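What follows is a single structure, written as C-alpha cells, with notes after it.
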Amino acid sequence: MIPLKSCMFGLFLLVAASECQIISIPLERMKSPRQLMAELDTDIEKAMKLGKPKPPPRTNDSVALFKYLDSEFYGVISVGHPAQKFNVLFDTTWSNTWLPSSKCSYFNIPCQLRHKYNSKKSTTYIKNGTAFNVKLDKENMTGFLSTDVFHVAHLNLNQTFAEIVSVPWIYTFTKADGVIGLAYSTYAVDGVTPLFYNLIKKKLVVQPVFSFYMNRDITTPRGGNLFLGGSDSKHYQGNFTYLPVTRKAYWQFHMDGVEVIVGARKAAAFCPKEKGGCETILDTATSTISGPIEDIKVINELIDASSSYFGRYKVPCNTVHKLPEINFILGEKNFTLKGREYVQQMTFLGLTTCFSAFVINPDVSDFMWSLGASFVASYYTELDLGQNRIGFAVANE
C-alpha cells in the first residue's frame, strides 16, 4: 500500500482509492442568475426590486417572566431607538404605563436605584408634556407624559407613558423599574390609552385576550410567561371557569367564599355566598393574597403564622407541608391552595425565611379581597377584554 501522503493532489476533486488510484471528476462553473436573466432578456432591475416575499405580520406573542425573591414577577421590554431596556411589572391594577425618568431628582433614591428612560437618547421620542400625578398611600407619584416606541416581546408600537420624576419610597426594594398597566382604560390617568388596547387597535393580536402562567419553582429564576392575544393550552389542564367582570376598572369579579380546611373539618369560612360573597380583584404585581383585617388575622392564626415586618406574617419553614388547605370558591367551584402554594420561601444572603401570602387589605371600600401570584401560580389565568370575563384553570407545574 502506497502511503496516501505520497500521492499528488491537483486543482480538481480527488477521491482516493486502493493503491492511490486517482479519479478525476471535472467541475463546471454554472452561469450566475444575473447572466441567465441577461440571456433571457429579463429586466434585472425590476426583478431585484421584487425582493424577497415579506413574512406575514406577527400576531400574538409571549413575554418571559422572571421572579425576584418569590415575591415579584417581572418581564424585560425595551423603549425607543436605540433600545433602552427595562424590567417591568405587567400589572392588572394599573392602566397607565410608567417608567422612571432621567430627569428625576438626584435625591429621589427610589428613582436613582432604577434604570431610567432618557428621551434625549431616543430618535423615536415624541414630546407630550402633560402633567401626571397619582397618589399612592401617603406619597405622590409625579411626572409627565411622553410617547415612544415600545418593544414588547416581538411586538412594536408607539405608546404614551408617564416619565416619573418622583418615584414613591414603596418601590425602593422592588426589582422592576416600572409598570405596564393592564387594567381597564376607564381607570387610566389623563385618558391615556393602555398598551394592550393599542395592541388590539393596531391588530397586533388576534384576540383581545391575555393570560398569565406563573411558575414559583425556586430552582429557576424563570417565572413563567405573559401571553398576548390568547392562552397557551400546554400550561393548563381541563377547561376554564369563567367569571364576569363586575367593575371595569381593575379586573374585578365576585367570589363566593374562602374556607380553611383543617383535616376534614371546615375550621373557618369568610365572605360566604349566603351573605352575598365578596368583591375580589386580580393583582399580578404582587405575590400576596389580601383580605379584610379580621379575616386575615384568623387565617394566619390557623396556619401558625406570627406577625413580622412590612405587614407580613412569618411561618416556620418546617411546618409548611403540614399546613391546612384553603379553598377559594369561584363560580361554585373550589380552587384549593396547599401550604406550599400560599407560603413564600425567600432566600436572601443565605438566610431562608417563609412568609404567609395572606396580608391585610387596609381599604375594603372598593373590593375586599385580591388574588396575586400565589393564586395565579396554581391557576392559569385568562383575561378576556372582549367578553369582559376572567377565566381560571389548573396550571401545569
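Following the order of the C-alpha cells, chains are lettered A, B, ..., residues in each are numbered from 1, and ligands are numbered from 1.
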
* Tell me, as a list in words, which residues lie within 7 Å of segment 365-369 of chain A, counting only C-alpha atoms; anything in the same chain fewer than 6 positions away does not count. => Cys278, Glu279, Thr280, Ile281, Ser290, Gly291 and Pro292 of chain A

* Asked: Which residues come within 8 Å of Val343 of chain A, counting only C-alpha atoms, excluding same-chain residues fewer than 5 positions away, as a ChimeraX atom specification?
  -> /A:315,320,354-357,374

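Using only C-alpha atoms, the shortest contact distance between Asn396 of chain A and any of A:Val149, A:Val88, A:Met214, A:Cys317 is found at A:Met214.
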
* Just the helix (DSSP H, G or I) stuff from segment 237-305 of chain A, please, per backbone DSSP, written as a ChimeraX atom specification. => /A:273-275,293-302

* Do a neighbour search on Phe240 of chain A at 8 Å with only C-alpha atoms, toss out local chain neighbours closer than 2 positions, and write the hits as a PyMOL selection string. => chain A and resi 238+242+391-393

Can you pull out the residues contacting segment 118-135 of chain A? Cut-off 8 Å, using only C-alpha atoms, and skip same-chain residues under 6 positions away; I want them as a tab-separated table (two decimals) with C-alpha atoms, in the first residue's frame.
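Okay, this is what ended up in around10.tsv:
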chain	number	residue	atom	x	y	z
A	80	GLY	CA	-37.03	53.90	21.92
A	81	HIS	CA	-34.22	53.73	19.37
A	82	PRO	CA	-31.54	52.80	20.23
A	83	ALA	CA	-33.34	50.48	22.63
A	101	SER	CA	-37.23	59.43	34.09
A	102	SER	CA	-33.63	60.53	33.73
A	103	LYS	CA	-34.98	63.91	34.83
A	141	MET	CA	-46.03	59.81	42.10
A	142	THR	CA	-45.40	62.71	39.75
A	143	GLY	CA	-44.07	63.17	36.26
A	144	PHE	CA	-45.22	63.95	32.72
A	145	LEU	CA	-46.39	62.11	29.63
A	146	SER	CA	-44.18	61.15	26.69
A	147	THR	CA	-44.54	58.87	23.67
A	148	ASP	CA	-42.02	56.45	22.21
A	149	VAL	CA	-41.78	53.06	20.51
A	162	ALA	CA	-45.56	58.57	32.15
A	189	VAL	CA	-54.97	58.69	34.40
A	190	ASP	CA	-55.03	61.58	31.88

* Asked: Leaving out Gly75 of chain A and any residue of its chain fewer than 2 positions from it, which residues lie within 10 Å of it when counting only C-alpha atoms, given as a PyMOL selection string?
  -> chain A and resi 63-67+73+77+86-90+152-153+176+179-180+222-226

Cut-off 9 Å: closest segment 230-285 of chain A/segment 381-390 of chain A atom pairs per residue, using only C-alpha atoms, as a tab-separated table:
residue	atom	partner	partner_atom	distance
A:Gly230	CA	A:Glu382	CA	7.8
A:Ser231	CA	A:Glu382	CA	6.8
A:Phe240	CA	A:Glu382	CA	8.3
A:Thr241	CA	A:Ile390	CA	8.1
A:Tyr242	CA	A:Ile390	CA	5.4
A:Leu243	CA	A:Ile390	CA	5.3
A:Pro244	CA	A:Arg389	CA	4.3
A:Val245	CA	A:Arg389	CA	5.1
A:Thr246	CA	A:Asn388	CA	8.7
A:Lys248	CA	A:Asn388	CA	8.2
A:Trp251	CA	A:Ile390	CA	7.8
A:Gln252	CA	A:Ile390	CA	8.7
A:Phe253	CA	A:Ile390	CA	7.8

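Closest approach to His154 of chain A among A:Tyr379, A:Ile299, A:Met255, A:Ser78: A:Ser78, based on only C-alpha atoms.
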
Fewer than 2 positions away in the same chain doesn't count, so skip those; otherwise give me all residues within 6 Å of Asp91 of chain A, counting only C-alpha atoms, as a CSV table (one decimal) with all heavy atoms, in the first residue's frame.
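Written output follows (out.csv):
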chain,number,residue,atom,x,y,z
A,89,LEU,N,-43.2,45.4,35.7
A,89,LEU,CA,-44.3,44.6,36.2
A,89,LEU,C,-45.5,44.7,35.2
A,89,LEU,O,-45.8,45.8,34.7
A,89,LEU,CB,-44.8,45.1,37.6
A,89,LEU,CG,-43.8,45.0,38.7
A,89,LEU,CD1,-44.4,45.6,40.0
A,89,LEU,CD2,-43.4,43.6,39.0
A,93,THR,N,-53.6,46.0,38.1
A,93,THR,CA,-54.2,47.1,38.9
A,93,THR,C,-53.8,48.5,38.5
A,93,THR,O,-54.2,49.4,39.1
A,93,THR,CB,-53.8,46.9,40.4
A,93,THR,OG1,-52.4,47.1,40.6
A,93,THR,CG2,-54.2,45.5,40.9
A,94,TRP,N,-53.0,48.6,37.4
A,94,TRP,CA,-52.7,49.8,36.8
A,94,TRP,C,-53.2,49.8,35.4
A,94,TRP,O,-53.2,48.8,34.7
A,94,TRP,CB,-51.2,50.1,36.7
A,94,TRP,CG,-50.5,50.6,37.9
A,94,TRP,CD1,-50.0,50.0,39.0
A,94,TRP,CD2,-50.2,52.0,38.2
A,94,TRP,NE1,-49.5,50.8,39.9
A,94,TRP,CE2,-49.6,52.1,39.4
A,94,TRP,CE3,-50.5,53.2,37.5
A,94,TRP,CZ2,-49.2,53.3,40.0
A,94,TRP,CZ3,-50.1,54.4,38.0
A,94,TRP,CH2,-49.4,54.5,39.3
A,181,GLY,N,-49.4,48.9,32.6
A,181,GLY,CA,-50.7,48.7,33.1
A,181,GLY,C,-51.6,47.9,32.2
A,181,GLY,O,-51.7,48.1,31.0
A,182,LEU,N,-52.3,46.9,32.8
A,182,LEU,CA,-53.2,46.0,32.0
A,182,LEU,C,-54.6,46.1,32.5
A,182,LEU,O,-55.4,45.2,32.1
A,182,LEU,CB,-52.7,44.6,32.1
A,182,LEU,CG,-51.3,44.3,31.4
A,182,LEU,CD1,-50.8,42.9,31.7
A,182,LEU,CD2,-51.4,44.5,29.9
A,284,THR,N,-51.6,41.1,39.6
A,284,THR,CA,-50.5,40.4,39.1
A,284,THR,C,-49.1,41.0,39.5
A,284,THR,O,-48.1,40.5,39.2
A,284,THR,CB,-50.5,40.2,37.6
A,284,THR,OG1,-50.7,41.5,37.0
A,284,THR,CG2,-51.7,39.3,37.2
A,285,ALA,N,-49.2,42.2,40.2
A,285,ALA,CA,-48.0,42.9,40.6
A,285,ALA,C,-47.4,42.4,41.9
A,285,ALA,O,-46.4,42.8,42.3
A,285,ALA,CB,-48.3,44.4,40.6

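Comparing the minimum interatomic distances between Leu204 of chain A and each of A:Asp61, A:Leu282, A:Asn140, A:Ser185, counting only C-alpha atoms, we find that A:Asp61 sits nearest.
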
* Determine which residues of segment 288-397 of chain A receive a DSSP assignment of strand (DSSP E), computed from the backbone, and state them as a PyMOL selection string. => chain A and resi 289-291+306-307+313-314+325-330+333-337+343-348+351-356+358-360+369-371+379-384+389-395

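One finds atom CA of Glu301 of chain A at 13.3 Å from atom CA of Ile261 of chain A.
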
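Nearest residue to Met346 of chain A among A:Glu274, A:Asp217, A:Glu139, A:Glu163 is A:Asp217, counting only C-alpha atoms.
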
* Asked: With only C-alpha atoms as the atoms that count, which of A:Ala395, A:Trp169, A:Ile296, A:Arg247 lies nearest to Ala269 of chain A?
  -> A:Ile296

Give me, as a Markdown table, the closest atom pair and its distance (Å, one decimal) for every residue of segment 248-310 of chain A within a cut-off of 7 Å of segment 327-336 of chain A, counting only C-alpha atoms, rows sorted by chain and rising number.
| residue | atom | partner | partner_atom | distance |
| --- | --- | --- | --- | --- |
| A:Met255 | CA | A:Leu330 | CA | 5.3 |
| A:Asp256 | CA | A:Ile329 | CA | 5.2 |
| A:Gly257 | CA | A:Ile329 | CA | 5.1 |
| A:Val258 | CA | A:Phe328 | CA | 4.7 |
| A:Glu259 | CA | A:Asn327 | CA | 5.0 |
| A:Val260 | CA | A:Asn327 | CA | 6.5 |

Would you put the residues from that selection into a file with N, CA and C atoms, as a PDB file, in the first residue's frame?
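Result went into again.pdb, see below:
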ATOM      1  N   MET A 255     -66.436  36.668  44.359  1.00  0.00           N
ATOM      2  CA  MET A 255     -66.004  35.412  44.967  1.00  0.00           C
ATOM      3  C   MET A 255     -67.064  34.959  45.960  1.00  0.00           C
ATOM      4  N   ASP A 256     -67.330  33.647  45.960  1.00  0.00           N
ATOM      5  CA  ASP A 256     -68.409  33.099  46.788  1.00  0.00           C
ATOM      6  C   ASP A 256     -67.959  32.626  48.153  1.00  0.00           C
ATOM      7  N   GLY A 257     -66.696  32.813  48.483  1.00  0.00           N
ATOM      8  CA  GLY A 257     -66.264  32.434  49.817  1.00  0.00           C
ATOM      9  C   GLY A 257     -64.821  31.964  49.881  1.00  0.00           C
ATOM     10  N   VAL A 258     -64.297  31.954  51.113  1.00  0.00           N
ATOM     11  CA  VAL A 258     -62.963  31.431  51.413  1.00  0.00           C
ATOM     12  C   VAL A 258     -63.113  30.504  52.611  1.00  0.00           C
ATOM     13  N   GLU A 259     -62.515  29.306  52.518  1.00  0.00           N
ATOM     14  CA  GLU A 259     -62.638  28.323  53.591  1.00  0.00           C
ATOM     15  C   GLU A 259     -61.265  27.779  53.967  1.00  0.00           C
ATOM     16  N   VAL A 260     -61.025  27.631  55.275  1.00  0.00           N
ATOM     17  CA  VAL A 260     -59.811  26.990  55.765  1.00  0.00           C
ATOM     18  C   VAL A 260     -60.192  25.589  56.230  1.00  0.00           C
TER      19      VAL A 260
END

* Structure fact -> Closest of A:Asp137, A:Glu325, A:Asp177, A:Asp363 to Gly263 of chain A, counting only C-alpha atoms, is A:Glu325

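Atom CA of Gly229 of chain A lies 8.7 Å from atom CA of Ser62 of chain A.
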